[in-house]
file my_file19.cif (mmCIF, C-alpha atoms)
data_query
loop_
_atom_site.group_PDB
_atom_site.id
_atom_site.type_symbol
_atom_site.label_atom_id
_atom_site.label_comp_id
_atom_site.auth_asym_id
_atom_site.auth_seq_id
_atom_site.Cartn_x
_atom_site.Cartn_y
_atom_site.Cartn_z
ATOM 1 C CA MET A 591 0.000 0.000 0.000
ATOM 2 C CA ARG A 592 1.237 3.462 -0.856
ATOM 3 C CA ASP A 593 2.293 5.641 2.068
ATOM 4 C CA ASP A 594 -0.308 8.413 1.970
ATOM 5 C CA HIS A 595 0.869 9.693 5.347
ATOM 6 C CA ARG A 596 4.386 10.641 4.362
ATOM 7 C CA GLY A 597 3.583 14.354 4.473
ATOM 8 C CA LEU A 598 2.253 14.039 8.018
ATOM 9 C CA ARG A 599 5.351 12.142 9.113
ATOM 10 C CA LEU A 600 7.648 14.766 7.603
ATOM 11 C CA PHE A 601 5.591 17.530 9.209
ATOM 12 C CA LEU A 602 5.777 15.869 12.637
ATOM 13 C CA HIS A 603 9.527 15.374 12.404
ATOM 14 C CA LEU A 604 9.915 19.027 11.476
ATOM 15 C CA THR A 605 7.798 20.060 14.478
ATOM 16 C CA GLN A 606 10.307 18.206 16.664
ATOM 17 C CA SER A 607 13.535 19.369 15.033
ATOM 18 C CA LEU A 608 12.399 22.833 13.923
ATOM 19 C CA ASN A 609 15.183 22.527 11.381
ATOM 20 C CA PHE A 610 14.556 21.881 7.679
ATOM 21 C CA GLY A 611 18.102 20.617 7.121
ATOM 22 C CA ARG A 612 17.982 18.153 10.027
ATOM 23 C CA THR A 613 14.558 16.816 9.009
ATOM 24 C CA SER A 614 15.558 16.380 5.363
ATOM 25 C CA LEU A 615 18.661 14.426 6.444
ATOM 26 C CA ASP A 616 16.896 12.288 9.035
ATOM 27 C CA CYS A 617 13.968 11.499 6.745
ATOM 28 C CA HIS A 618 16.069 10.926 3.608
ATOM 29 C CA VAL A 619 14.379 13.594 1.494
ATOM 30 C CA SER A 620 15.859 16.566 -0.268
ATOM 31 C CA PRO A 621 15.380 20.005 1.298
ATOM 32 C CA ALA A 622 13.329 20.958 -1.775
ATOM 33 C CA THR A 623 11.006 17.974 -1.276
ATOM 34 C CA LEU A 624 10.529 18.860 2.384
ATOM 35 C CA THR A 625 9.812 22.497 1.534
ATOM 36 C CA ARG A 626 7.284 21.488 -1.151
ATOM 37 C CA THR A 627 5.603 19.080 1.275
ATOM 38 C CA VAL A 628 5.173 21.811 3.890
ATOM 39 C CA GLN A 629 3.982 24.292 1.256
ATOM 40 C CA ARG A 630 1.449 21.749 -0.031
ATOM 41 C CA LEU A 631 0.116 21.134 3.493
ATOM 42 C CA GLU A 632 -0.129 24.881 4.123
ATOM 43 C CA ALA A 633 -1.956 25.390 0.813
ATOM 44 C CA GLU A 634 -4.399 22.546 1.542
ATOM 45 C CA LEU A 635 -5.075 23.842 5.048
ATOM 46 C CA GLY A 636 -5.150 27.506 4.139
ATOM 47 C CA HIS A 637 -2.858 28.394 7.051
ATOM 48 C CA ARG A 638 0.842 28.866 7.675
ATOM 49 C CA LEU A 639 2.147 26.043 9.858
ATOM 50 C CA PHE A 640 5.617 27.451 10.493
ATOM 51 C CA ASP A 641 7.135 30.868 10.918
ATOM 52 C CA ARG A 642 10.437 30.969 9.077
ATOM 53 C CA GLY A 643 12.879 33.668 10.005
ATOM 54 C CA PRO A 644 16.547 34.484 10.447
ATOM 55 C CA ARG A 645 16.468 32.932 13.921
ATOM 56 C CA GLY A 646 15.078 29.643 12.674
ATOM 57 C CA VAL A 647 11.736 27.921 12.411
ATOM 58 C CA SER A 648 8.865 27.928 14.889
ATOM 59 C CA LEU A 649 5.362 26.499 14.892
ATOM 60 C CA THR A 650 2.444 28.861 14.431
ATOM 61 C CA ALA A 651 -0.720 28.449 16.511
ATOM 62 C CA GLU A 652 -2.284 26.648 13.518
ATOM 63 C CA GLY A 653 0.836 24.491 13.282
ATOM 64 C CA GLN A 654 0.370 23.441 16.895
ATOM 65 C CA ARG A 655 -3.284 22.586 16.249
ATOM 66 C CA PHE A 656 -2.390 20.639 13.125
ATOM 67 C CA ARG A 657 0.355 18.764 14.992
ATOM 68 C CA GLU A 658 -2.292 17.399 17.375
ATOM 69 C CA TYR A 659 -4.376 16.287 14.405
ATOM 70 C CA ALA A 660 -1.368 14.672 12.670
ATOM 71 C CA VAL A 661 -0.376 12.700 15.782
ATOM 72 C CA GLN A 662 -3.938 11.419 16.253
ATOM 73 C CA ALA A 663 -4.364 10.606 12.552
ATOM 74 C CA LEU A 664 -1.166 8.558 12.426
ATOM 75 C CA GLU A 665 -1.987 6.764 15.686
ATOM 76 C CA LEU A 666 -5.460 5.857 14.394
ATOM 77 C CA TRP A 667 -4.031 4.721 11.070
ATOM 78 C CA GLN A 668 -1.439 2.525 12.789
ATOM 79 C CA ALA A 669 -4.067 1.019 15.120
ATOM 80 C CA TYR A 670 -6.237 0.194 12.117
ATOM 81 C CA ARG A 671 -3.318 -1.309 10.193
ATOM 82 C CA ASP A 672 -2.344 -3.423 13.215
ATOM 83 C CA GLU A 673 -5.890 -4.832 13.367
ATOM 84 C CA HIS A 674 -6.362 -5.229 9.600
ATOM 85 C CA PRO A 675 -3.050 -5.930 7.870
ATOM 86 C CA ASP A 676 -3.127 -5.943 4.090
ATOM 87 C CA PRO A 677 -3.111 -9.642 3.117
ATOM 88 C CA ALA A 678 -0.924 -8.842 0.115
ATOM 89 C CA GLU A 679 1.542 -6.962 2.302
ATOM 90 C CA LEU A 680 4.927 -8.491 2.912
ATOM 91 C CA THR A 681 5.368 -9.613 6.530
ATOM 92 C CA GLY A 682 7.931 -11.577 8.527
ATOM 93 C CA SER A 683 11.547 -10.927 9.282
ATOM 94 C CA LEU A 684 14.708 -10.438 7.273
ATOM 95 C CA THR A 685 18.152 -11.040 8.768
ATOM 96 C CA VAL A 686 20.833 -8.797 7.274
ATOM 97 C CA PHE A 687 24.546 -9.350 7.911
ATOM 98 C CA ALA A 688 27.010 -6.506 7.279
ATOM 99 C CA THR A 689 30.100 -4.875 8.686
ATOM 100 C CA VAL A 690 29.660 -1.943 11.050
ATOM 101 C CA THR A 691 31.023 0.333 8.312
ATOM 102 C CA ALA A 692 28.449 -0.958 5.814
ATOM 103 C CA CYS A 693 25.714 -0.468 8.410
ATOM 104 C CA GLN A 694 26.654 3.164 8.811
ATOM 105 C CA ALA A 695 27.582 4.040 5.238
ATOM 106 C CA LEU A 696 25.368 1.903 2.994
ATOM 107 C CA LEU A 697 22.401 0.367 4.753
ATOM 108 C CA PRO A 698 20.440 3.498 5.723
ATOM 109 C CA ASP A 699 20.045 4.518 2.070
ATOM 110 C CA LEU A 700 19.552 0.932 0.887
ATOM 111 C CA LEU A 701 16.993 -0.029 3.510
ATOM 112 C CA ALA A 702 14.961 3.194 3.774
ATOM 113 C CA PRO A 703 12.847 2.494 0.653
ATOM 114 C CA PHE A 704 12.375 -1.137 1.750
ATOM 115 C CA ARG A 705 11.228 -0.070 5.231
ATOM 116 C CA THR A 706 8.779 2.417 3.724
ATOM 117 C CA ALA A 707 7.390 -0.134 1.268
ATOM 118 C CA HIS A 708 7.250 -3.009 3.776
ATOM 119 C CA PRO A 709 6.715 -1.661 7.308
ATOM 120 C CA GLN A 710 5.469 -5.042 8.565
ATOM 121 C CA VAL A 711 8.830 -6.726 7.891
ATOM 122 C CA ARG A 712 11.074 -6.851 10.946
ATOM 123 C CA LEU A 713 14.737 -6.294 10.152
ATOM 124 C CA ASP A 714 17.295 -8.176 12.230
ATOM 125 C CA LEU A 715 20.669 -6.535 11.639
ATOM 126 C CA ARG A 716 23.774 -8.504 12.542
ATOM 127 C CA THR A 717 27.309 -7.185 12.302
ATOM 128 C CA GLY A 718 30.665 -8.853 12.030
ATOM 129 C CA ASP A 719 33.775 -9.362 9.966
ATOM 130 C CA ALA A 720 33.283 -9.074 6.193
ATOM 131 C CA ALA A 721 35.123 -12.375 5.710
ATOM 132 C CA ALA A 722 32.323 -14.157 7.604
ATOM 133 C CA ALA A 723 29.485 -12.770 5.477
ATOM 134 C CA LEU A 724 29.261 -15.603 2.963
ATOM 135 C CA ALA A 725 29.561 -18.224 5.710
ATOM 136 C CA ARG A 726 26.624 -16.606 7.532
ATOM 137 C CA LEU A 727 24.549 -16.873 4.356
ATOM 138 C CA ASP A 728 25.621 -20.466 3.714
ATOM 139 C CA GLU A 729 24.825 -21.490 7.301
ATOM 140 C CA GLY A 730 21.388 -19.870 7.147
ATOM 141 C CA GLU A 731 22.228 -17.348 9.870
ATOM 142 C CA ALA A 732 21.485 -14.460 7.498
ATOM 143 C CA ASP A 733 19.055 -13.982 4.632
ATOM 144 C CA VAL A 734 21.077 -11.184 3.051
ATOM 145 C CA ALA A 735 24.697 -10.112 3.392
ATOM 146 C CA VAL A 736 26.482 -6.971 2.336
ATOM 147 C CA ALA A 737 29.879 -8.202 1.215
ATOM 148 C CA GLY A 738 32.354 -8.260 -1.615
ATOM 149 C CA ILE A 739 31.927 -11.182 -3.990
ATOM 150 C CA PRO A 740 34.997 -13.448 -4.119
ATOM 151 C CA ALA A 741 36.465 -14.702 -7.395
ATOM 152 C CA ARG A 742 35.042 -18.162 -6.614
ATOM 153 C CA LEU A 743 31.570 -18.109 -5.136
ATOM 154 C CA PRO A 744 30.709 -21.188 -3.049
ATOM 155 C CA GLU A 745 28.402 -23.514 -5.019
ATOM 156 C CA PRO A 746 25.378 -23.315 -2.652
ATOM 157 C CA LEU A 747 25.407 -19.519 -2.955
ATOM 158 C CA ALA A 748 25.857 -19.421 -6.722
#

call {"tool": "encode", "arguments": {"input": "my_file19.cif", "output": "structure tokens"}}
result
Amino acid sequence: MRDDHRGLRLFLHLTQSLNFGRTSLDCHVSPATLTRTVQRLEAELGHRLFDRGPRGVSLTAEGQRFREYAVQALELWQAYRDEHPDPAELTGSLTVFATVTACQALLPDLLAPFRTAHPQVRLDLRTGDAAAALARLDEGEADVAVAGIPARLPEPLA
């Protein structure tokens, strides 16, 4: 199911950080996308949600009211989804093995779209030495591994 609540989630993060740059980084969207999302919400509501000035960003009175609505809307949506999961939605768990460096440098960008598309899948992240990655796959301890591919790939993994 498409995430129709993305704008509300971005808005709520921005109400916490009060910093467009921080929210765009944390939520993996460009600053332009975040700005357009806020502008679209303000246009749909007919009210400014934030005051933007040289000293930073602050919530307007309407922004505070809308924050209460957004929190309740997302809580109700999540409660409904928990009671009525989409039968076509991917569920279960996925065990990912990677080095600590890969976890910090690669996985956030790689996994963010997956997490958005499949929120019911639980990710189990395991870290260790890169040399052990293929063994973890072969032994069934991991479903996916982030690792370099050797010149000779073990037969079961080929």

call {"tool": "residues_around", "arguments": {"input": "my_file19.cif", "residues": "A:Ala688", "least_positions_apart": "6", "cutoff": "9 Å", "atoms": "all atoms listed in the file", "output": "MDAnalysis selection string"}}
result
chainID A and resid 697 715:720 723 734:737

call {"tool": "residues_around", "arguments": {"input": "my_file19.cif", "residues": "A:Glu634", "least_positions_apart": "6", "cutoff": "12 Å", "atoms": "all atoms listed in the file", "output": "ChimeraX atom specification"}}
result
/A:597,627-628,656

call {"tool": "atom_distance", "arguments": {"input": "my_file19.cif", "atom1": "atom CA of A:Leu713", "atom2": "atom CA of A:Pro698"}}
result
12.2 Å

call {"tool": "residues_around", "arguments": {"input": "my_file19.cif", "residues": "A:Glu632", "least_positions_apart": "4", "cutoff": "12 Å", "atoms": "only C-alpha atoms", "output": "MDAnalysis selection string"}}
result
chainID A and resid 597:598 601 625:628 636:641 650 652:653 656

call {"tool": "write_last_selection", "arguments": {"input": "my_file19.cif", "atoms": "C-alpha atoms", "output": "tab-separated table (two decimals), in the frame of the given file"}}
result
chain	number	residue	atom	x	y	z
A	597	GLY	CA	3.58	14.35	4.47
A	598	LEU	CA	2.25	14.04	8.02
A	601	PHE	CA	5.59	17.53	9.21
A	625	THR	CA	9.81	22.50	1.53
A	626	ARG	CA	7.28	21.49	-1.15
A	627	THR	CA	5.60	19.08	1.27
A	628	VAL	CA	5.17	21.81	3.89
A	636	GLY	CA	-5.15	27.51	4.14
A	637	HIS	CA	-2.86	28.39	7.05
A	638	ARG	CA	0.84	28.87	7.68
A	639	LEU	CA	2.15	26.04	9.86
A	640	PHE	CA	5.62	27.45	10.49
A	641	ASP	CA	7.14	30.87	10.92
A	650	THR	CA	2.44	28.86	14.43
A	652	GLU	CA	-2.28	26.65	13.52
A	653	GLY	CA	0.84	24.49	13.28
A	656	PHE	CA	-2.39	20.64	13.12

call {"tool": "atom_distance", "arguments": {"input": "my_file19.cif", "atom1": "atom CA of A:Asp672", "atom2": "atom CA of A:Thr613"}}
result
26.7 Å

call {"tool": "closest_residue", "arguments": {"input": "my_file19.cif", "among": "A:Val647, A:Val711, A:Ala695, A:Ala721", "to": "A:Glu679", "atoms": "all atoms listed in the file"}}
result
A:Val711

call {"tool": "atom_distance", "arguments": {"input": "my_file19.cif", "atom1": "atom CA of A:Leu724", "atom2": "atom CA of A:Ile739"}}
result
8.7 Å

call {"tool": "closest_residue", "arguments": {"input": "my_file19.cif", "among": "A:Leu696, A:Ala702, A:Gln662, A:Gly738", "to": "A:Ala722", "atoms": "all atoms listed in the file"}}
result
A:Gly738

call {"tool": "resolve_selection", "arguments": {"input": "my_file19.cif", "expression": "the PyMOL selection byres ((chain A and resi 646) around 12)", "output": "ChimeraX atom specification"}}
result
/A:604,607-611,640-645,647-649

call {"tool": "residues_around", "arguments": {"input": "my_file19.cif", "residues": "A:Arg612", "least_positions_apart": "4", "cutoff": "12 Å", "atoms": "only C-alpha atoms", "output": "list in words"}}
result
Leu600, His603, Leu604, Thr605, Gln606, Ser607, Leu608, Asp616, Cys617, His618, Val619, Ser620, Pro621, Leu624 and Val647 of chain A

call {"tool": "closest_residue", "arguments": {"input": "my_file19.cif", "among": "A:Leu602, A:Leu615, A:Ala707, A:Ala741", "to": "A:Tyr659", "atoms": "all atoms listed in the file"}}
result
A:Leu602

call {"tool": "axis_aligned_box", "arguments": {"input": "my_file19.cif", "around": "stretch 725-731 of chain A", "padding_each_side": "8 Å", "output": "lines of an AutoDock Vina configuration file"}}
result
center_x = 25.5
center_y = -19.0
center_z = 6.8
size_x = 24.2
size_y = 20.9
size_z = 22.2

call {"tool": "closest_residue", "arguments": {"input": "my_file19.cif", "among": "A:Asp714, A:Pro703, A:Cys693, A:Thr685", "to": "A:Ala732", "atoms": "all atoms listed in the file"}}
result
A:Thr685

call {"tool": "residues_around", "arguments": {"input": "my_file19.cif", "residues": "A:Gln710", "least_positions_apart": "4", "cutoff": "8 Å", "atoms": "all atoms listed in the file", "output": "list in words"}}
result
Glu679, Leu680, Thr681 and Gly682 of chain A
